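*Asks:* First, the structure itself, so that you have it in front of you.
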Amino acid sequence: MPPKGKKGQEKGKSGEEERDEPLQAVILADPFETRFNPFTLERPRCLLPLANTPLIEYTFEFLANAGVEEIFVYCGAHRDQVEEYIKSSKWAAQSSPFAKLELIQSTSHSIGDAMRDLDSRSLLTGDFLLVYGDVVSNLPLESALAAHRARRVKDKNAIMTMVLREAGANHRTKARGTSPIFVIDPTKDRCLHFEQMPNRDQTHFLSIDPELLSSSCELEIRQDLIDCGIDICTPDVLALWSDNFDFQAPRKGFLHSVLKDYELNGKTFHTHIVSDQYAARVRNLHAYDSVSKDIVSRWAYPLCPDSNLVQGQSYRLQKGSVYKEEGVVLARDCVIGSKTVIGRGTSVGDKTEIKNSIIGRHCQIGRNVKLDGAYLWDYASVGDGSTISKSVVANEAAIGRRCIVEAGALVSYGVTIGEGMIIRGEHRITRAKRRREGSVEVVRGDPDPSIVGQKGDGFEFQDSDEEDEDELVDGLVSTGPMYNFSNESISTVNPDSEDDDLDLQDTSRSATSSFLSVGSADSQHAANFDHDASQSIYDSLEQGHESANIQLELTALRMSTNASDHQVRRAVVSSFVKRILQLIKSGDNIKAAIAQVFGQHKELVDRAIFDKNSSSKTDQVDFMLLLQADLSHRENGDSVLLSAATKLTELDSIEEDGILQWWEDERGSETEELKKVKQKTRALVEFLQQESDDESEEGSESE
């Protein structure tokens with residue numbers, strides 16, 4: 001063991017050497033709140049689906065990107081469900097980026113109790129991240145961690161760095177019942193005072209210690225910051241919780257009091273403020289709706305449905321900002337509007353209209369149904385002629401025929417609503433209630449026919465335990481609807497913009513807009529390969545660059561963003577189609593335009609396809625499906641597709657088997673537009689099939 005003095009000298013040499021232990025994180029899977037009741041009576045909040053992906057998956061993705069190696073998941077209610085989910089997830093597999101993933105069970109009833117319990121276990125040996133199990137963020141933490149460690153080298157009393165997000169003083173993600181105020185020394189990024197408005201005295205006056213004014217040359221009083229629920233802590237933070245058993249809430253209790261008693265404890269808190277990345281907490285149902293819309297609109301890219309974060313997911317982004325999994329059954333005359341997500345095994349009946357909605361797996365939606373802003377979780381069903389607006393219908397819940405579910409209503413697990421019922425916006429309907437003899441227990445309640453109808457199953461949920469925690473949002477405990485939905489985005493990339501749609505139908509825009517949200521082409525979004533790659537290829541085609549130089553740029557961009565082979569093919573297709581259409585518009589005929597683009601730049605197509613020696617032509621089929629989808633909404637798209645497929649076959653970039661497998665692929669016939677655009681190519685397919693049959697006959701004769 002080295003001498004103490006020598007060890008101390010080694011640590012003081014560089015801010016990069018101050019720790020040898022791995023970066024750890026604590027996930028508060030149970031925030032000890034009742035804001036998601038009645039759903040959280042039966043399932044843990046961290047496993048509720050957000051855009052059809054469990055909430056905790058987004059938190060794990062964030063921590064993996066932050067370089068965390070050891071994670072402790074602090075569970076409260078429903079620990080068995082959390083444990084079962086994590087054990088079967090990719091995070092517990094051998095390929096997991098986490099060297100250690102441990103669940104901690106506790107009987108704590110507040111965050112304060114949880115912090116004191118963590119301190120007593122002595123699990124955290126160095127700097128660690130403290131996050132909630134409902135954090136959704138693509139924020140890189142390298143700079144925040146580096147700043148925190150550098151401060152620790154200079155001052156051991158700098159014990160915590162809070163990650164905050166700029167969002168404007170009146171941003172709609174800020175709590176409407178309270179307003180957090182941060183007083184910051186911008187020269188040191190130090191938080192000097194914190195207070196909620198209205199404060200404990202129910203006033204809107206901020207009281208600042210006069211010594212803060214005299215000791216600081218510059219102060220910023222910030223009301224425009226949103227707490228992301230991400231803190232970088234040292235073990236001293238847990239010790240402070242243990243020294244003060246009256247602390248329960250993390251901000252209005254712990255932070256406010258420790259800052260107020262600075263002279264007594266000498267500990268300092270600092271801030272890391274971000275403005276150009278996405279970070280949010282799904283802290284209530286209003287935020288649930290807002291963050292869901294942001295994910296669908298790709299503000300949180302790459303956290304979006306078609307990233308398929310969970311094993312077994314197969315979402316694909318389609319025209320009109322629609323995400324669908326494989327195995328969705330749609331009636332021919334149903335209408336699927338923009339910003340809609342539909343999971344595997346779901347069926348939609350005739351003349352049904354769906355828009356701005358997220359539909360889980362294996363849902364059954366009848367005929368003449370109208371869904372607008374609805375959230376249907378797995379195995380939910382909706383009867384013929386019903387209407388659901390901006391409401392949540394949980395797993396296995398059934399809405400009868402000709403029902404109206406008004407905006408703000410919550411229908412919990414397994415509830416059945418009888419025919420012709422009207423569910424008001426203030427209703428929270430459940431089949432479960434709490435029994436309070438000794439420990440809290442969830443039991444089945446008797447149906448209330450006045451709420452769910454004569455053949456229904458469920459009753460109005462009542463709970464006297466509505467929380468008074470530090471960011472309480474009015475509306476959840478009011479007599480009005482349980483939450484207010486909005487069509488706006490909460491993204492901080494461009495919070496004032498109302499145009500966050502994914503416009504796939506505007507043919508005057510680049511084809512890459514099929515995969516981007518407005519604003520996501522910002523230079524800060526380096527991961528946005530689709531836009532940059534497609535635009536780069538198109539510019540090079542227009543300027544007459546050689547294929548080798550284009551490929552060099554494409555490879556560099558792909559490596560810098562870790563793009564997939566599918567994304568590369570998508571960029572090649574979108575840029576090629578755009579260039580071909582430009583040549584046709586300038587006077588070239590279709591065959592000449594295609595020959596110029598595909599003929600001169602065959603190498604770009606060949607370098608994106610890797611299945612030439614395989615019997616299953618998955619890459620070639622993918623290329624043709626992308627080409628078909630892009631041309632499905634173009635003028636003369638069917639003629640362009642026929643000529644392109646013919647040319648690709650002549651060049652042997654797409655083999656005959658590749659064309660035949662593409663023609664048989666069900667994904668190419670999912671919509672009427674896809675079916676229509678490939679009809680002219682039938683002649684080529686039949687010719688290739690005939691050649692294939694002739695070769696088979698010749699082979700059998702020679703044998």
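As shown in the structure tokens, the chain order sets the letters A, B, ...; within each chain, residues go from 1, and ligands are also counted from 1 in the order they appear.
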Could you pull the residues within 6 Å of segment 110-127 of chain A, counting only C-alpha atoms, minus those fewer than 4 positions along the same chain, as a list of chain:residue names?
*Replies:*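 The residues satisfying every condition are A:Phe32, A:Cys233, A:Thr234, A:Leu238, A:Trp241, A:Ser242, A:Phe247, A:Gln248.
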*Asks:* Hey, can you spit out that residue selection with N, CA and C atoms as a short mmCIF file (atom, residue, chain, number, x, y, z; two decimals), in the first residue's frame?
*Replies:*
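Written file, again.cif:
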data_model
loop_
_atom_site.label_atom_id
_atom_site.label_comp_id
_atom_site.auth_asym_id
_atom_site.auth_seq_id
_atom_site.Cartn_x
_atom_site.Cartn_y
_atom_site.Cartn_z
N PHE A 32 -42.03 7.75 -5.45
CA PHE A 32 -42.88 7.90 -4.27
C PHE A 32 -43.93 8.99 -4.49
N CYS A 233 -23.41 13.56 -8.28
CA CYS A 233 -23.25 13.67 -6.84
C CYS A 233 -21.96 13.01 -6.36
N THR A 234 -21.56 13.38 -5.15
CA THR A 234 -20.52 12.66 -4.42
C THR A 234 -21.19 11.99 -3.23
N LEU A 238 -25.20 12.00 0.11
CA LEU A 238 -25.95 11.03 0.90
C LEU A 238 -25.73 11.27 2.40
N TRP A 241 -27.98 13.99 3.61
CA TRP A 241 -29.34 13.49 3.80
C TRP A 241 -29.45 12.78 5.16
N SER A 242 -28.45 11.95 5.47
CA SER A 242 -28.49 11.20 6.73
C SER A 242 -28.37 12.10 7.94
N PHE A 247 -35.30 16.17 6.01
CA PHE A 247 -35.31 16.37 4.56
C PHE A 247 -36.08 15.23 3.90
N GLN A 248 -37.06 15.56 3.08
CA GLN A 248 -37.82 14.55 2.35
C GLN A 248 -37.80 14.79 0.84
#
*Asks:* Could you pull out the helix (DSSP H, G or I) residues of segment 641-690 of chain A from DSSP and send them as number ranges by chain?
*Replies:* A: 641-650, 656-664, 666-669, 672-677, 679-690
*Asks:* List the spatial neighbours of segment 186-195 of chain A as a VMD selection string - criterion: any atom at most 9 Å away, only C-alpha atoms, same-chain residues fewer than 4 positions off excluded.
*Replies:* chain A and resid 161 179 to 182 199 to 200 206 to 209 212 217 to 220 251 to 252 255 to 257 259 to 260 268 to 273
*Asks:* Kindly export the residues of the current selection with N, CA and C atoms, as a compact mmCIF listing (two decimals), in the first residue's frame.
*Replies:*
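Result file is selection-v9.txt:
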# COMPACT_ATOMS: atom_id res chain seq x y z
N THR A 161 -23.60 18.58 -8.87
CA THR A 161 -23.87 19.39 -10.06
C THR A 161 -25.24 19.00 -10.59
N SER A 179 -43.29 27.42 -9.35
CA SER A 179 -42.26 27.89 -10.26
C SER A 179 -40.92 27.86 -9.54
N PRO A 180 -39.97 27.02 -9.98
CA PRO A 180 -38.67 26.96 -9.31
C PRO A 180 -37.80 28.16 -9.68
N ILE A 181 -37.16 28.75 -8.68
CA ILE A 181 -36.27 29.89 -8.88
C ILE A 181 -34.86 29.49 -8.47
N PHE A 182 -33.89 29.64 -9.39
CA PHE A 182 -32.49 29.36 -9.09
C PHE A 182 -31.73 30.68 -9.08
N ASN A 199 -43.79 30.15 -2.23
CA ASN A 199 -42.90 29.50 -1.28
C ASN A 199 -43.68 28.91 -0.12
N ARG A 200 -42.96 28.53 0.93
CA ARG A 200 -43.61 27.87 2.07
C ARG A 200 -44.64 28.77 2.74
N LEU A 206 -39.39 36.57 -3.33
CA LEU A 206 -38.13 35.87 -3.16
C LEU A 206 -37.28 36.58 -2.12
N SER A 207 -36.87 35.85 -1.09
CA SER A 207 -36.05 36.42 -0.03
C SER A 207 -34.62 35.92 -0.16
N ILE A 208 -33.70 36.82 -0.48
CA ILE A 208 -32.29 36.46 -0.67
C ILE A 208 -31.48 37.03 0.49
N ASP A 209 -30.60 36.22 1.02
CA ASP A 209 -29.72 36.66 2.11
C ASP A 209 -28.88 37.85 1.62
N LEU A 212 -25.36 37.30 0.28
CA LEU A 212 -25.15 36.83 -1.08
C LEU A 212 -24.94 37.99 -2.04
N CYS A 217 -20.12 39.32 -7.03
CA CYS A 217 -20.09 40.45 -7.95
C CYS A 217 -21.24 40.39 -8.96
N GLU A 218 -21.70 39.19 -9.26
CA GLU A 218 -22.73 39.02 -10.27
C GLU A 218 -23.66 37.90 -9.87
N LEU A 219 -24.95 38.11 -10.01
CA LEU A 219 -25.95 37.09 -9.70
C LEU A 219 -26.94 36.99 -10.85
N GLU A 220 -27.38 35.77 -11.12
CA GLU A 220 -28.45 35.55 -12.08
C GLU A 220 -29.62 34.91 -11.35
N ARG A 251 -35.61 19.00 -3.74
CA ARG A 251 -35.34 20.40 -4.05
C ARG A 251 -35.82 21.35 -2.95
N LYS A 252 -37.12 21.37 -2.69
CA LYS A 252 -37.60 22.36 -1.72
C LYS A 252 -37.21 21.99 -0.30
N LEU A 255 -32.20 20.72 -1.09
CA LEU A 255 -31.42 21.77 -1.72
C LEU A 255 -31.63 23.12 -1.04
N HIS A 256 -32.88 23.49 -0.83
CA HIS A 256 -33.19 24.79 -0.21
C HIS A 256 -32.54 24.91 1.16
N SER A 257 -32.64 23.86 1.97
CA SER A 257 -32.15 23.95 3.35
C SER A 257 -30.62 23.94 3.43
N LEU A 259 -28.48 24.93 1.13
CA LEU A 259 -27.99 26.23 0.66
C LEU A 259 -28.20 27.32 1.72
N LYS A 260 -29.31 27.25 2.38
CA LYS A 260 -29.61 28.25 3.41
C LYS A 260 -28.63 28.15 4.58
N THR A 268 -21.11 23.18 -1.34
CA THR A 268 -21.59 23.98 -2.46
C THR A 268 -22.22 23.11 -3.54
N PHE A 269 -23.23 23.69 -4.21
CA PHE A 269 -23.94 23.04 -5.30
C PHE A 269 -23.72 23.85 -6.57
N HIS A 270 -23.61 23.15 -7.69
CA HIS A 270 -23.32 23.83 -8.94
C HIS A 270 -24.32 23.40 -10.01
N THR A 271 -24.33 24.13 -11.11
CA THR A 271 -25.30 23.88 -12.18
C THR A 271 -24.57 23.65 -13.50
N HIS A 272 -25.19 22.83 -14.33
CA HIS A 272 -24.74 22.66 -15.72
C HIS A 272 -25.98 22.89 -16.58
N ILE A 273 -26.01 24.00 -17.31
CA ILE A 273 -27.20 24.42 -18.03
C ILE A 273 -27.03 24.10 -19.51
*Asks:* I need the residues in segment 93-195 of chain A that are strand (DSSP E) according to DSSP; give them as number ranges by chain.
*Replies:* A: 100-105, 128-132, 135-137, 158-166, 179-185, 190-195
*Asks:* I'd like the interatomic distance between atom CA of Leu47 of chain A and atom CA of Gln105 of chain A, to a tenth of an Å.
*Replies:*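 Rounded to one decimal, the two atoms are 16.4 Å apart.
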*Asks:* Using only C-alpha atoms, determine which residues lie at most 6 Å from segment 22-24 of chain A, disregarding the query and same-chain residues fewer than 4 positions distant; provide the list as a PyMOL selection string.
*Replies:* chain A and resi 68-71+128
*Asks:* Given only C-alpha atoms as the basis, pick out the residue of A:Arg361, A:Arg367, A:His566, A:Lys585 nearest to Val348 of chain A.
*Replies:*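 Checking each of A:Arg361, A:Arg367, A:His566, A:Lys585 against Val348 of chain A, counting only C-alpha atoms, the winner is A:Arg367.
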*Asks:* Show me, as a ChimeraX atom specification, the residues that have an atom within 9 Å of Leu631 of chain A when counting only C-alpha atoms, minus same-chain residues fewer than 3 positions from it.
*Replies:* /A:577,626-628,634-638,640-641,674,677
*Asks:* Would you put the residues from that selection into a file with C-alpha atoms, as a PDB file, in the first residue's frame?
*Replies:*
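Result went into part-v6.pdb, see below:
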ATOM      1  CA  VAL A 577     -34.238   9.941 -56.707  1.00  0.00           C
ATOM      2  CA  LEU A 626     -36.755   2.287 -50.018  1.00  0.00           C
ATOM      3  CA  LEU A 627     -36.804   3.154 -53.723  1.00  0.00           C
ATOM      4  CA  GLN A 628     -40.443   2.090 -54.014  1.00  0.00           C
ATOM      5  CA  ARG A 634     -43.780  11.156 -56.944  1.00  0.00           C
ATOM      6  CA  GLU A 635     -45.189  12.153 -60.329  1.00  0.00           C
ATOM      7  CA  ASN A 636     -44.551   9.306 -62.828  1.00  0.00           C
ATOM      8  CA  GLY A 637     -43.123   7.311 -59.929  1.00  0.00           C
ATOM      9  CA  ASP A 638     -44.305   4.022 -61.472  1.00  0.00           C
ATOM     10  CA  VAL A 640     -39.274   5.744 -62.858  1.00  0.00           C
ATOM     11  CA  LEU A 641     -39.425   2.619 -60.668  1.00  0.00           C
ATOM     12  CA  LEU A 674     -47.148   1.236 -52.688  1.00  0.00           C
ATOM     13  CA  VAL A 677     -46.363   2.498 -57.932  1.00  0.00           C
TER      14      VAL A 677
END
*Asks:* Residues within 7 Å of segment 551-564 of chain A, please, as a list of chain:residue names. Count only C-alpha atoms; anything in the same chain fewer than 2 positions from it doesn't count.
*Replies:*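 Surrounding residues, per the criterion: A:Ala526, A:Ala527, A:Phe529, A:Ala533, A:Ser547, A:Ala548, A:Asn549, A:His566, A:Gln567, A:Val568, A:Leu604.
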